[in-house]
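> Starting off with a structure, shown below.
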Amino acid sequence: MPVGYDVLSDALNYALEKSGGVTPPVAVVNATGAEDSSYVRISDDACNKLPNTLDGVFNTVLVRATRQLAETLGLVALAHAHCAPDGRIYVAQENAHGAGGVEKQLTRAFPNLGNVVKFKCRVLVLDAADAQADILLKWVNDAAVRKVKHNRGEFWSAPGVFSWDRPDAGSVLLLSYLPKTMAGNIADLGCGNGLLTGALSKKEGAAEIWAMDADSKAVECCKLNLADRGATIPTHVFWRDATGDHDDLPPMDFVVMNPPFHTQQAEDRELGQKFCEAALKMLKTGGELYLVANRHMPYEDILEKAASRVILLADTDGFKIIRAVK
């Protein structure tokens, strides 16, 4: 039964076959959204689509590891909290992205775990009854949203959120190139914990802010950070895929973004290009897009197809700052 369409899914499928298959109901933690509908049909509950939320008790829980170890361990603790006492948890990670380290840590809480190695991945098979409760509690605390202090101030953040424990250098550079006055409606695509959003809410002339991110934990942090900073204009923070359609929002005078160029496991240049396409669709005629990107990312051709002007504002320290006028 396919769980998705990438290498972690293939590894999970193989491990499930080797262990006799799933026992419904089934949940998928850190799901891709591309899980096969057969899981819904065999399960009393649909696959979970939020990375840090589950509702119900499941006999089988599949966990897709992330690149951030503390976040992954927190997801395993979440899976265990919603797994039946005699249930089973499967944790998949690519070898190149730290599968060995994940196994080493999981062995502390699940000393009798098994592993299945296939497709350059490791799937760790955990029996819920085998868990060490004190270690799971520590993982919950280590993965939790908390305040982090750095040279840009104090921010709510959490492991797994983009640049969670320090200000991203690209975003800081972008802030220095934004105009002092940004009158009208402003969107922040891929807002993360709100470093850019908070600054945008203070711009002269800013009327209303729309911020969005596909990471629900980032959205939670962004809301907390805006509240701390006392935004005086309407701000709206959504759990939403920024690359989709946003016809329900008003036309934007400005869009600002530091587009991601990784999926959960690999570089994906097309992802950032989709951000560019979505941003230009959101802008009114004459509206402006400001973005920062790693120097090697191929965004200019995409922008020139829909923008009247594309201006390179800076090329420094491995980053480029681009302004596009629709």
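The chains in the structure tokens are called A, B, ... from first to last as shown; in each chain the residues are counted from 1, and the ligands are counted from 1 in the order shown.
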Excluding A:Cys121 and its own-chain neighbours fewer than 2 positions away, which residues fall within 10 Å of it when counting only C-alpha atoms? Please give them as number ranges by chain.
A: 7-12, 92-100, 116-119, 123-124
> Please identify all polymer residues within 12 Å of A:Gln68, counting only C-alpha atoms, omitting same-chain residues fewer than 6 positions from it, and present them as a list of chain:residue names.
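That gives A:Gly74, A:Leu75, A:Gln93, A:His97, A:Gly98, A:Ala99, A:Gly101, A:Val102, A:Asp142, A:Ala143, A:Ala158, A:Pro159, A:Gly160, A:Val161, A:Phe162, A:Ser163, A:Trp164, A:Asp165, A:Gln264, A:Gln265.
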> Residues as selected, N, CA and C atoms, written as a CSV table (one decimal), in the first residue's frame, can you do that?

```
chain,number,residue,atom,x,y,z
A,74,GLY,N,10.5,14.6,18.9
A,74,GLY,CA,9.2,15.1,19.4
A,74,GLY,C,8.0,14.5,18.6
A,75,LEU,N,8.2,14.3,17.3
A,75,LEU,CA,7.1,13.6,16.5
A,75,LEU,C,6.9,12.2,16.9
A,93,GLN,N,13.7,7.4,7.9
A,93,GLN,CA,14.7,8.5,7.6
A,93,GLN,C,15.7,8.0,6.6
A,97,HIS,N,20.5,11.6,5.6
A,97,HIS,CA,20.0,12.7,6.5
A,97,HIS,C,19.9,12.3,7.9
A,98,GLY,N,20.7,11.4,8.4
A,98,GLY,CA,20.9,11.2,9.8
A,98,GLY,C,20.1,10.0,10.3
A,99,ALA,N,19.9,9.0,9.5
A,99,ALA,CA,19.1,7.8,10.0
A,99,ALA,C,19.9,7.1,11.2
A,101,GLY,N,21.8,8.5,13.4
A,101,GLY,CA,21.6,9.3,14.7
A,101,GLY,C,20.2,9.2,15.2
A,102,VAL,N,19.2,9.1,14.4
A,102,VAL,CA,17.9,8.9,14.8
A,102,VAL,C,17.8,7.5,15.5
A,142,ASP,N,11.9,19.1,24.6
A,142,ASP,CA,12.9,19.6,23.7
A,142,ASP,C,12.4,20.1,22.4
A,143,ALA,N,11.2,19.5,22.0
A,143,ALA,CA,10.6,19.9,20.7
A,143,ALA,C,9.6,21.0,20.8
A,158,ALA,N,10.7,27.0,17.5
A,158,ALA,CA,10.7,25.6,17.9
A,158,ALA,C,11.6,24.8,16.9
A,159,PRO,N,12.3,23.8,17.3
A,159,PRO,CA,13.1,23.0,16.4
A,159,PRO,C,12.2,22.5,15.2
A,160,GLY,N,12.8,22.7,14.0
A,160,GLY,CA,12.1,22.3,12.8
A,160,GLY,C,11.5,23.5,12.1
A,161,VAL,N,11.2,24.6,12.8
A,161,VAL,CA,10.8,25.9,12.1
A,161,VAL,C,12.1,26.4,11.4
A,162,PHE,N,11.9,27.0,10.3
A,162,PHE,CA,13.0,27.6,9.5
A,162,PHE,C,13.9,28.5,10.3
A,163,SER,N,15.2,28.2,10.4
A,163,SER,CA,16.2,29.0,11.1
A,163,SER,C,15.7,29.3,12.5
A,164,TRP,N,15.3,28.2,13.2
A,164,TRP,CA,14.6,28.3,14.4
A,164,TRP,C,15.3,29.0,15.6
A,165,ASP,N,16.6,28.8,15.7
A,165,ASP,CA,17.4,29.3,16.8
A,165,ASP,C,18.3,30.5,16.5
A,264,GLN,N,11.0,18.3,2.3
A,264,GLN,CA,11.4,17.8,3.6
A,264,GLN,C,12.8,17.1,3.5
A,265,GLN,N,13.2,16.6,2.3
A,265,GLN,CA,14.4,15.8,2.3
A,265,GLN,C,15.4,16.2,1.3
```
> Give me the residues near A:Lys138 as a count of residues only, where near means some atom within 12 Å (using only C-alpha atoms) and where sequence neighbours in that chain fewer than 4 positions away do not count.
16
> So that each row is one residue of stretch 103-149 of chain A with an atom at most 12 Å from stretch 189-212 of chain A, can you give its shortest atom pair and the distance in Å to one decimal, using only C-alpha atoms, rows by chain and rising number, as a Markdown table?

```
| residue | atom | partner | partner_atom | distance |
| --- | --- | --- | --- | --- |
| A:Val145 | CA | A:Asn193 | CA | 10.5 |
| A:Arg146 | CA | A:Asn193 | CA | 11.4 |
| A:Lys147 | CA | A:Asn193 | CA | 11.0 |
| A:Val148 | CA | A:Asn193 | CA | 11.0 |
```
> Could you save those same residues with N, CA and C atoms as a PDB file, in the first residue's frame?

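Final output, out26.pdb:
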```pdb
ATOM      1  N   VAL A 145       7.509  24.574  21.475  1.00  0.00           N
ATOM      2  CA  VAL A 145       7.636  26.002  21.183  1.00  0.00           C
ATOM      3  C   VAL A 145       8.150  26.698  22.434  1.00  0.00           C
ATOM      4  N   ARG A 146       9.173  27.551  22.246  1.00  0.00           N
ATOM      5  CA  ARG A 146       9.749  28.281  23.367  1.00  0.00           C
ATOM      6  C   ARG A 146      10.334  29.593  22.865  1.00  0.00           C
ATOM      7  N   LYS A 147      10.685  30.488  23.798  1.00  0.00           N
ATOM      8  CA  LYS A 147      11.317  31.739  23.408  1.00  0.00           C
ATOM      9  C   LYS A 147      12.817  31.545  23.233  1.00  0.00           C
ATOM     10  N   VAL A 148      13.335  32.107  22.153  1.00  0.00           N
ATOM     11  CA  VAL A 148      14.758  32.018  21.826  1.00  0.00           C
ATOM     12  C   VAL A 148      15.313  33.429  21.710  1.00  0.00           C
TER      13      VAL A 148
END
```
> Looking only at helix (DSSP H, G or I) from DSSP on the backbone, list the matching residues of stretch 131-222 of chain A as a ChimeraX atom specification.
/A:133-142,169-177,195-200,216-222
> A:Lys223: which residues within 9 Å, counting only C-alpha atoms, same-chain residues fewer than 5 positions away excluded, as a PDB file with C-alpha atoms, in the first residue's frame?

```
ATOM      1  CA  ASN A 193       8.326  32.377  12.853  1.00  0.00           C
ATOM      2  CA  GLY A 194       7.616  35.913  11.664  1.00  0.00           C
ATOM      3  CA  ALA A 218       5.760  28.150  12.257  1.00  0.00           C
ATOM      4  CA  ASP A 228       4.518  40.198  21.491  1.00  0.00           C
ATOM      5  CA  THR A 235      -2.471  40.917  10.613  1.00  0.00           C
ATOM      6  CA  HIS A 236      -3.650  37.557   9.332  1.00  0.00           C
ATOM      7  CA  VAL A 237      -1.487  34.439   9.702  1.00  0.00           C
TER       8      VAL A 237
END
```
> Looking only at the backbone, which of the residues in stretch 216-318 of chain A does DSSP tag as strand (DSSP E), as an MDAnalysis selection string?
chainID A and resid 235:239 252:257 283:294 309:316
> Nearest to A:Leu69: which of A:Ala169, A:Leu280, A:Leu106, A:Ala31 is it, counting only C-alpha atoms?
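For A:Leu69, the nearest of the given residues is A:Leu106.
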> Quick one: residues within 10 Å of A:His150, only C-alpha atoms counted, chain neighbours fewer than 5 positions away excluded, as an NGL selection string?
:A and (155 or 165-167)
> Using only C-alpha atoms, which residues sit within 9 Å of A:His80 once same-chain residues fewer than 2 positions away are excluded, as a list in words?
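That gives Val61, Leu75, Val76, Ala77, Leu78, His82, Cys83, Ala84, Pro85, Gly87, Arg88, Ile89, Ala128, Ala131 and Leu136 of chain A.
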> Using only C-alpha atoms, which residues sit within 6 Å of A:Phe254 once same-chain residues fewer than 4 positions away are excluded, as JSON, numbers by chain?
{"A": [186, 287, 288, 289]}
> Could you work out how far atom CA of A:Ser216 lies from atom CA of A:Ile322, giving the answer in Å with one decimal?
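Pair atom CA of A:Ile322 / atom CA of A:Ser216 returns 27.6 Å.
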> Taking into account only C-alpha atoms, which residue in the set A:Leu313, A:Leu249, A:Ala324, A:Lys120 is nearest to A:Asp301?
A:Ala324
> Which distance in Å separates atom CA of A:Thr181 and atom CA of A:Leu224, to one decimal?
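These atoms are spaced 24.9 Å apart.
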